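Coordinates from model.pdb are shown below (PDB, C-alpha atoms, pLDDT in the B column).
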```pdb
MODEL        1
ATOM      1  CA  MET A   1      66.423-281.600-206.680  1.00 54.00           C
ATOM      2  CA  GLY A   2      66.609-283.747-203.581  1.00 58.00           C
ATOM      3  CA  TYR A   3      65.787-287.130-205.069  1.00 77.00           C
ATOM      4  CA  PRO A   4      69.077-288.956-205.465  1.00 79.00           C
ATOM      5  CA  GLY A   5      68.835-292.141-207.484  1.00 90.00           C
ATOM      6  CA  ILE A   6      65.323-291.540-208.774  1.00 93.00           C
ATOM      7  CA  ALA A   7      66.420-291.814-212.414  1.00 94.00           C
ATOM      8  CA  ASP A   8      67.999-295.186-211.687  1.00 95.00           C
ATOM      9  CA  LYS A   9      64.737-296.313-210.129  1.00 95.00           C
ATOM     10  CA  PHE A  10      62.834-295.254-213.256  1.00 96.00           C
ATOM     11  CA  LEU A  11      65.360-297.047-215.417  1.00 95.00           C
ATOM     12  CA  GLU A  12      64.697-300.201-213.428  1.00 95.00           C
ATOM     13  CA  LEU A  13      60.935-299.819-213.872  1.00 95.00           C
ATOM     14  CA  LEU A  14      61.368-299.469-217.644  1.00 94.00           C
ATOM     15  CA  ASP A  15      62.595-303.052-217.545  1.00 92.00           C
ATOM     16  CA  HIS A  16      59.720-304.303-215.411  1.00 91.00           C
ATOM     17  CA  GLU A  17      58.295-307.639-216.521  1.00 89.00           C
ATOM     18  CA  LYS A  18      54.720-306.305-216.605  1.00 88.00           C
ATOM     19  CA  LYS A  19      53.867-304.203-219.615  1.00 87.00           C
ATOM     20  CA  PRO A  20      51.400-301.879-217.799  1.00 88.00           C
ATOM     21  CA  VAL A  21      54.154-300.940-215.361  1.00 92.00           C
ATOM     22  CA  ARG A  22      56.486-300.106-218.246  1.00 92.00           C
ATOM     23  CA  ARG A  23      53.745-298.118-219.943  1.00 91.00           C
ATOM     24  CA  GLU A  24      52.777-296.131-216.852  1.00 93.00           C
ATOM     25  CA  THR A  25      56.430-295.448-216.104  1.00 95.00           C
ATOM     26  CA  CYS A  26      56.756-293.961-219.579  1.00 95.00           C
ATOM     27  CA  TRP A  27      53.697-291.858-218.935  1.00 94.00           C
ATOM     28  CA  VAL A  28      55.219-290.452-215.748  1.00 95.00           C
ATOM     29  CA  LEU A  29      58.475-289.806-217.602  1.00 96.00           C
ATOM     30  CA  SER A  30      56.716-288.042-220.465  1.00 96.00           C
ATOM     31  CA  ASN A  31      55.347-285.577-217.942  1.00 96.00           C
ATOM     32  CA  ILE A  32      58.810-285.012-216.509  1.00 96.00           C
ATOM     33  CA  THR A  33      60.283-284.375-219.968  1.00 96.00           C
ATOM     34  CA  ALA A  34      57.459-281.915-220.624  1.00 96.00           C
ATOM     35  CA  GLY A  35      58.811-279.907-217.712  1.00 95.00           C
ATOM     36  CA  THR A  36      61.787-277.603-217.278  1.00 95.00           C
ATOM     37  CA  SER A  37      65.273-278.333-218.596  1.00 94.00           C
ATOM     38  CA  LYS A  38      66.408-278.800-215.008  1.00 94.00           C
ATOM     39  CA  GLN A  39      63.855-281.565-214.602  1.00 94.00           C
ATOM     40  CA  ILE A  40      64.801-283.118-217.945  1.00 96.00           C
ATOM     41  CA  ASP A  41      68.426-283.120-216.800  1.00 95.00           C
ATOM     42  CA  ILE A  42      67.623-285.481-213.935  1.00 94.00           C
ATOM     43  CA  LEU A  43      66.845-288.161-216.530  1.00 95.00           C
ATOM     44  CA  LEU A  44      69.456-287.297-219.162  1.00 95.00           C
ATOM     45  CA  ARG A  45      72.290-287.403-216.621  1.00 93.00           C
ATOM     46  CA  CYS A  46      71.534-291.029-215.859  1.00 94.00           C
ATOM     47  CA  PRO A  47      73.814-293.170-218.057  1.00 93.00           C
ATOM     48  CA  GLY A  48      71.913-295.356-220.518  1.00 94.00           C
ATOM     49  CA  PHE A  49      68.581-293.620-220.011  1.00 96.00           C
ATOM     50  CA  VAL A  50      68.121-292.260-223.537  1.00 96.00           C
ATOM     51  CA  LYS A  51      69.402-295.515-224.985  1.00 95.00           C
ATOM     52  CA  LYS A  52      66.812-297.486-223.030  1.00 95.00           C
ATOM     53  CA  LEU A  53      63.987-295.184-224.177  1.00 95.00           C
ATOM     54  CA  CYS A  54      65.071-295.490-227.808  1.00 95.00           C
ATOM     55  CA  GLN A  55      65.113-299.243-227.456  1.00 93.00           C
ATOM     56  CA  LEU A  56      61.599-299.320-225.966  1.00 92.00           C
ATOM     57  CA  ALA A  57      60.310-296.914-228.614  1.00 92.00           C
ATOM     58  CA  LEU A  58      61.282-299.367-231.326  1.00 90.00           C
ATOM     59  CA  THR A  59      60.515-302.726-229.824  1.00 86.00           C
ATOM     60  CA  ASP A  60      57.903-302.664-227.095  1.00 70.00           C
ATOM     61  CA  GLY A  61      54.499-303.133-228.716  1.00 59.00           C
ATOM     62  CA  PRO A  62      51.759-305.647-227.870  1.00 53.00           C
ATOM     63  CA  GLU A  63      51.564-308.712-230.074  1.00 42.00           C
ATOM     64  CA  VAL A  64      47.800-308.365-230.525  1.00 40.00           C
ATOM     65  CA  LEU A  65      48.152-304.948-232.066  1.00 40.00           C
ATOM     66  CA  LYS A  66      50.726-306.235-234.503  1.00 40.00           C
ATOM     67  CA  PHE A  67      48.184-308.765-235.769  1.00 39.00           C
ATOM     68  CA  ASP A  68      45.521-306.060-236.154  1.00 42.00           C
ATOM     69  CA  VAL A  69      47.822-303.942-238.237  1.00 45.00           C
ATOM     70  CA  HIS A  70      48.815-306.952-240.279  1.00 46.00           C
ATOM     71  CA  ASP A  71      45.177-307.870-241.016  1.00 51.00           C
ATOM     72  CA  GLU A  72      44.432-304.358-242.164  1.00 48.00           C
ATOM     73  CA  THR A  73      47.401-304.394-244.474  1.00 52.00           C
ATOM     74  CA  ASN A  74      46.088-307.587-246.011  1.00 52.00           C
ATOM     75  CA  THR A  75      42.669-306.054-246.538  1.00 53.00           C
ATOM     76  CA  PHE A  76      44.192-303.092-248.321  1.00 52.00           C
ATOM     77  CA  THR A  77      46.550-305.024-250.512  1.00 53.00           C
ATOM     78  CA  GLY A  78      44.420-308.112-251.129  1.00 47.00           C
TER      79      GLY A  78
ATOM     80  CA  MET B  79      49.952-278.289-222.138  1.00 63.00           C
ATOM     81  CA  VAL B  80      48.786-279.425-225.557  1.00 65.00           C
ATOM     82  CA  GLN B  81      51.159-282.338-225.338  1.00 66.00           C
ATOM     83  CA  ARG B  82      49.858-283.386-221.969  1.00 65.00           C
ATOM     84  CA  TYR B  83      46.344-283.239-223.304  1.00 62.00           C
ATOM     85  CA  LEU B  84      47.263-285.342-226.319  1.00 62.00           C
ATOM     86  CA  ASN B  85      48.987-287.706-223.999  1.00 63.00           C
ATOM     87  CA  LEU B  86      45.817-288.101-221.957  1.00 57.00           C
ATOM     88  CA  MET B  87      43.822-288.710-225.105  1.00 54.00           C
ATOM     89  CA  CYS B  88      46.178-291.483-226.062  1.00 53.00           C
ATOM     90  CA  MET B  89      45.715-292.995-222.633  1.00 51.00           C
ATOM     91  CA  THR B  90      41.942-293.088-222.737  1.00 45.00           C
ATOM     92  CA  LYS B  91      41.403-294.001-226.362  1.00 43.00           C
ATOM     93  CA  LEU B  92      43.992-296.694-226.602  1.00 51.00           C
ATOM     94  CA  THR B  93      44.575-298.015-223.153  1.00 44.00           C
ATOM     95  CA  LEU B  94      46.305-301.096-224.469  1.00 45.00           C
ATOM     96  CA  LEU B  95      48.577-299.087-226.596  1.00 54.00           C
ATOM     97  CA  GLN B  96      51.566-299.009-226.071  1.00 80.00           C
ATOM     98  CA  VAL B  97      54.911-298.770-224.384  1.00 89.00           C
ATOM     99  CA  LYS B  98      56.293-297.996-227.790  1.00 89.00           C
ATOM    100  CA  ARG B  99      54.151-294.921-228.217  1.00 90.00           C
ATOM    101  CA  GLU B 100      54.624-293.663-224.664  1.00 93.00           C
ATOM    102  CA  SER B 101      58.388-293.942-224.776  1.00 94.00           C
ATOM    103  CA  THR B 102      58.391-292.040-228.072  1.00 95.00           C
ATOM    104  CA  TRP B 103      56.446-289.317-226.277  1.00 95.00           C
ATOM    105  CA  VAL B 104      59.053-289.160-223.522  1.00 97.00           C
ATOM    106  CA  LEU B 105      61.781-288.481-226.096  1.00 97.00           C
ATOM    107  CA  SER B 106      59.689-286.096-228.145  1.00 97.00           C
ATOM    108  CA  ASN B 107      58.703-284.057-225.095  1.00 97.00           C
ATOM    109  CA  ALA B 108      62.348-283.823-224.065  1.00 97.00           C
ATOM    110  CA  VAL B 109      63.236-282.474-227.513  1.00 97.00           C
ATOM    111  CA  ASN B 110      60.387-279.975-227.322  1.00 96.00           C
ATOM    112  CA  HIS B 111      61.128-278.715-223.834  1.00 96.00           C
ATOM    113  CA  GLY B 112      64.876-279.201-223.534  1.00 96.00           C
ATOM    114  CA  SER B 113      67.651-276.618-223.580  1.00 96.00           C
ATOM    115  CA  PRO B 114      69.829-276.351-226.730  1.00 95.00           C
ATOM    116  CA  GLU B 115      72.492-278.530-225.064  1.00 95.00           C
ATOM    117  CA  GLN B 116      69.919-281.162-224.188  1.00 97.00           C
ATOM    118  CA  ILE B 117      68.490-281.234-227.716  1.00 97.00           C
ATOM    119  CA  ARG B 118      72.013-281.662-229.062  1.00 96.00           C
ATOM    120  CA  PHE B 119      72.643-284.482-226.599  1.00 97.00           C
ATOM    121  CA  LEU B 120      69.404-286.232-227.585  1.00 97.00           C
ATOM    122  CA  ALA B 121      70.053-285.779-231.296  1.00 96.00           C
ATOM    123  CA  ASP B 122      73.560-287.240-230.915  1.00 95.00           C
ATOM    124  CA  ASN B 123      72.305-290.173-228.852  1.00 96.00           C
ATOM    125  CA  GLN B 124      70.159-292.192-231.227  1.00 95.00           C
ATOM    126  CA  VAL B 125      66.992-290.108-231.015  1.00 97.00           C
ATOM    127  CA  ILE B 126      67.226-289.126-234.716  1.00 97.00           C
ATOM    128  CA  ASP B 127      67.874-292.739-235.675  1.00 96.00           C
ATOM    129  CA  THR B 128      64.924-293.919-233.580  1.00 96.00           C
ATOM    130  CA  MET B 129      62.536-291.432-235.161  1.00 97.00           C
ATOM    131  CA  VAL B 130      63.717-292.326-238.660  1.00 96.00           C
ATOM    132  CA  LYS B 131      63.116-296.002-237.942  1.00 95.00           C
ATOM    133  CA  HIS B 132      59.568-295.055-236.970  1.00 94.00           C
ATOM    134  CA  LEU B 133      59.124-293.343-240.341  1.00 94.00           C
ATOM    135  CA  ASP B 134      60.205-296.528-242.040  1.00 91.00           C
ATOM    136  CA  LYS B 135      58.368-299.180-240.040  1.00 86.00           C
ATOM    137  CA  GLU B 136      55.521-297.567-238.174  1.00 80.00           C
ATOM    138  CA  GLU B 137      51.878-297.664-239.295  1.00 82.00           C
ATOM    139  CA  ASP B 138      50.242-295.748-236.450  1.00 89.00           C
ATOM    140  CA  PRO B 139      49.549-292.227-237.816  1.00 93.00           C
ATOM    141  CA  LYS B 140      49.810-290.644-234.373  1.00 92.00           C
ATOM    142  CA  LEU B 141      53.244-292.117-233.806  1.00 92.00           C
ATOM    143  CA  LEU B 142      54.347-291.073-237.296  1.00 95.00           C
ATOM    144  CA  THR B 143      53.230-287.505-236.603  1.00 96.00           C
ATOM    145  CA  VAL B 144      55.102-287.394-233.305  1.00 96.00           C
ATOM    146  CA  ALA B 145      58.240-288.705-235.001  1.00 96.00           C
ATOM    147  CA  LEU B 146      57.985-286.126-237.802  1.00 97.00           C
ATOM    148  CA  GLU B 147      57.389-283.260-235.377  1.00 97.00           C
ATOM    149  CA  CYS B 148      60.355-284.374-233.317  1.00 97.00           C
ATOM    150  CA  ILE B 149      62.560-284.387-236.430  1.00 97.00           C
ATOM    151  CA  PHE B 150      61.259-280.919-237.324  1.00 97.00           C
ATOM    152  CA  LYS B 151      62.232-279.607-233.921  1.00 97.00           C
ATOM    153  CA  ILE B 152      65.726-281.125-234.104  1.00 97.00           C
ATOM    154  CA  LEU B 153      66.293-279.654-237.577  1.00 96.00           C
ATOM    155  CA  GLN B 154      65.089-276.292-236.352  1.00 96.00           C
ATOM    156  CA  HIS B 155      67.662-276.511-233.597  1.00 95.00           C
ATOM    157  CA  GLY B 156      70.331-277.494-236.160  1.00 95.00           C
ATOM    158  CA  VAL B 157      69.936-274.152-237.909  1.00 94.00           C
ATOM    159  CA  ARG B 158      72.029-272.537-235.174  1.00 92.00           C
ATOM    160  CA  TYR B 159      75.051-274.594-236.291  1.00 93.00           C
ATOM    161  CA  LEU B 160      74.841-273.366-239.885  1.00 90.00           C
ATOM    162  CA  GLU B 161      77.697-270.884-239.483  1.00 89.00           C
ATOM    163  CA  GLN B 162      79.908-273.253-237.588  1.00 90.00           C
ATOM    164  CA  TYR B 163      79.557-276.256-239.931  1.00 90.00           C
ATOM    165  CA  GLU B 164      78.326-274.499-243.088  1.00 89.00           C
ATOM    166  CA  ALA B 165      75.443-276.954-243.075  1.00 91.00           C
ATOM    167  CA  ASN B 166      72.746-278.227-240.756  1.00 94.00           C
ATOM    168  CA  PRO B 167      74.508-281.188-239.137  1.00 94.00           C
ATOM    169  CA  PHE B 168      71.244-282.937-238.360  1.00 96.00           C
ATOM    170  CA  LEU B 169      70.046-282.600-241.938  1.00 94.00           C
ATOM    171  CA  ASN B 170      73.204-284.361-243.081  1.00 93.00           C
ATOM    172  CA  HIS B 171      72.684-287.060-240.508  1.00 94.00           C
ATOM    173  CA  LEU B 172      69.070-287.560-241.615  1.00 95.00           C
ATOM    174  CA  ASP B 173      70.145-287.797-245.192  1.00 93.00           C
ATOM    175  CA  SER B 174      72.762-290.429-244.393  1.00 95.00           C
ATOM    176  CA  LEU B 175      69.963-292.517-242.866  1.00 95.00           C
ATOM    177  CA  GLY B 176      67.856-292.252-246.008  1.00 94.00           C
ATOM    178  CA  ALA B 177      65.216-290.211-244.196  1.00 95.00           C
ATOM    179  CA  THR B 178      64.666-287.759-247.037  1.00 94.00           C
ATOM    180  CA  LYS B 179      63.032-290.396-249.229  1.00 94.00           C
ATOM    181  CA  LEU B 180      60.899-291.600-246.322  1.00 96.00           C
ATOM    182  CA  ILE B 181      59.670-288.085-245.550  1.00 96.00           C
ATOM    183  CA  GLU B 182      58.903-287.482-249.223  1.00 95.00           C
ATOM    184  CA  LYS B 183      56.906-290.674-249.309  1.00 95.00           C
ATOM    185  CA  LEU B 184      54.893-289.623-246.247  1.00 95.00           C
ATOM    186  CA  GLN B 185      53.583-286.615-248.170  1.00 93.00           C
ATOM    187  CA  GLU B 186      51.236-289.106-249.762  1.00 92.00           C
ATOM    188  CA  HIS B 187      50.042-290.534-246.455  1.00 94.00           C
ATOM    189  CA  LYS B 188      46.284-290.807-246.046  1.00 93.00           C
ATOM    190  CA  SER B 189      46.369-289.145-242.620  1.00 94.00           C
ATOM    191  CA  ASP B 190      46.146-285.367-242.855  1.00 95.00           C
ATOM    192  CA  GLU B 191      48.359-284.807-239.819  1.00 95.00           C
ATOM    193  CA  VAL B 192      51.142-287.022-241.150  1.00 96.00           C
ATOM    194  CA  TYR B 193      51.048-285.411-244.564  1.00 94.00           C
ATOM    195  CA  LYS B 194      51.130-281.900-243.128  1.00 96.00           C
ATOM    196  CA  ALA B 195      54.014-282.706-240.790  1.00 96.00           C
ATOM    197  CA  ALA B 196      55.998-284.208-243.688  1.00 96.00           C
ATOM    198  CA  ILE B 197      55.330-281.232-245.964  1.00 95.00           C
ATOM    199  CA  SER B 198      56.355-278.699-243.344  1.00 95.00           C
ATOM    200  CA  ILE B 199      59.753-280.404-242.927  1.00 96.00           C
ATOM    201  CA  LEU B 200      60.340-280.472-246.678  1.00 95.00           C
ATOM    202  CA  GLU B 201      59.222-276.888-247.189  1.00 94.00           C
ATOM    203  CA  THR B 202      61.208-275.516-244.264  1.00 94.00           C
ATOM    204  CA  PHE B 203      64.509-277.367-244.521  1.00 93.00           C
ATOM    205  CA  TYR B 204      64.780-278.555-248.089  1.00 89.00           C
ATOM    206  CA  ASP B 205      65.007-276.646-251.301  1.00 78.00           C
ATOM    207  CA  VAL B 206      61.803-278.012-252.784  1.00 67.00           C
ATOM    208  CA  ASN B 207      62.856-277.435-256.388  1.00 59.00           C
ATOM    209  CA  ASP B 208      66.170-279.117-255.902  1.00 53.00           C
ATOM    210  CA  PRO B 209      65.771-281.974-253.433  1.00 47.00           C
ATOM    211  CA  LEU B 210      68.952-283.446-251.975  1.00 49.00           C
TER     212      LEU B 210
ENDMDL
END
```
In structure tokens, write the structure found in this file.
Amino acid sequence: MGYPGIADKFLELLDHEKKPVRRETCWVLSNITAGTSKQIDILLRCPGFVKKLCQLALTDGPEVLKFDVHDETNTFTG
Amino acid sequence: MVQRYLNLMCMTKLTLLQVKRESTWVLSNAVNHGSPEQIRFLADNQVIDTMVKHLDKEEDPKLLTVALECIFKILQHGVRYLEQYEANPFLNHLDSLGATKLIEKLQEHKSDEVYKAAISILETFYDVNDPL
């Protein structure tokens, strides 16, 4: 477990201005959380980490996709 | 392994999609692979609330399924507190968020996966004849 500060670095990348960077960071993280509980602990011990992920899970979607979904809804209801 | 594979499928099929989906995967994987203490920590730190919000707002069937499976796993973990609290604490929390109605509604979802995931929660953790 010799990677001090790596969770903080990930947390920074989750706030990166470019969406692909945020997305790829999540992908890396999803592989870490599919690992052992020791590995998961590296992330959970970092204050604010879970909070940040929850926030991204609810808000960070591309605008274009939102329009697609909206159009479909109109087709179904109209 | 299955999760990694699904994850890869998401990456190739929907390359534009989506920080939202990927970050949900991070949380869901942690719930699936974490120790009991870690699942408790996640459940107490907004993960239940986040998944319930997905059930309410989300249209993507894949994301809905992941959210439902994550809730299933948390409830399953809650069973171990039955003696201590005389109830599944996470079931109570879900109910206070209005999740029961949302899950019931998802039984009618057009996606097979979503409907099956919703049914298995209701059948496993709710008394089907006497819903809360």
### Query
Please, what distance in Å, to one decimal, runs between atom CA of B:Ile117 and atom CA of B:Phe168?
11.1 Å
### Task
Dump as an MDAnalysis selection string the residues of chain A that approach chain B to within 8 Å, counting all atoms listed in the file.
chainID A and resid 19 22:23 26:27 29:31 33:37 40:41 44 50:51 53:54 56:62 69
Would you kindly return, as a tab-separated table (two decimals) with C-alpha atoms, in the coordinates of the input, each protein, DNA or RNA residue with an atom no farther than 9 Å from any atom of stretch 9-11 of chain A, considering all atoms listed in the file and excluding same-chain residues fewer than 3 positions away?
```
chain	number	residue	atom	x	y	z
A	5	GLY	CA	68.83	-292.14	-207.48
A	6	ILE	CA	65.32	-291.54	-208.77
A	14	LEU	CA	61.37	-299.47	-217.64
A	15	ASP	CA	62.60	-303.05	-217.54
A	25	THR	CA	56.43	-295.45	-216.10
A	26	CYS	CA	56.76	-293.96	-219.58
A	29	LEU	CA	58.48	-289.81	-217.60
A	43	LEU	CA	66.84	-288.16	-216.53
A	46	CYS	CA	71.53	-291.03	-215.86
A	48	GLY	CA	71.91	-295.36	-220.52
A	49	PHE	CA	68.58	-293.62	-220.01
A	52	LYS	CA	66.81	-297.49	-223.03
```
Adding 4 Å on each side of the box along x, y and z that holds all listed atoms of stretch 141-157 of chain B, could you give its centre and edge lengths in Å to one decimal, as JSON?
```
{"center_x": 61.8, "center_y": -283.1, "center_z": -235.6, "size_x": 25.1, "size_y": 26.0, "size_z": 12.6}
```
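Coordinates place atom CA of A:Asp8 at a distance of 27.5 Å from atom CA of B:Ile149.
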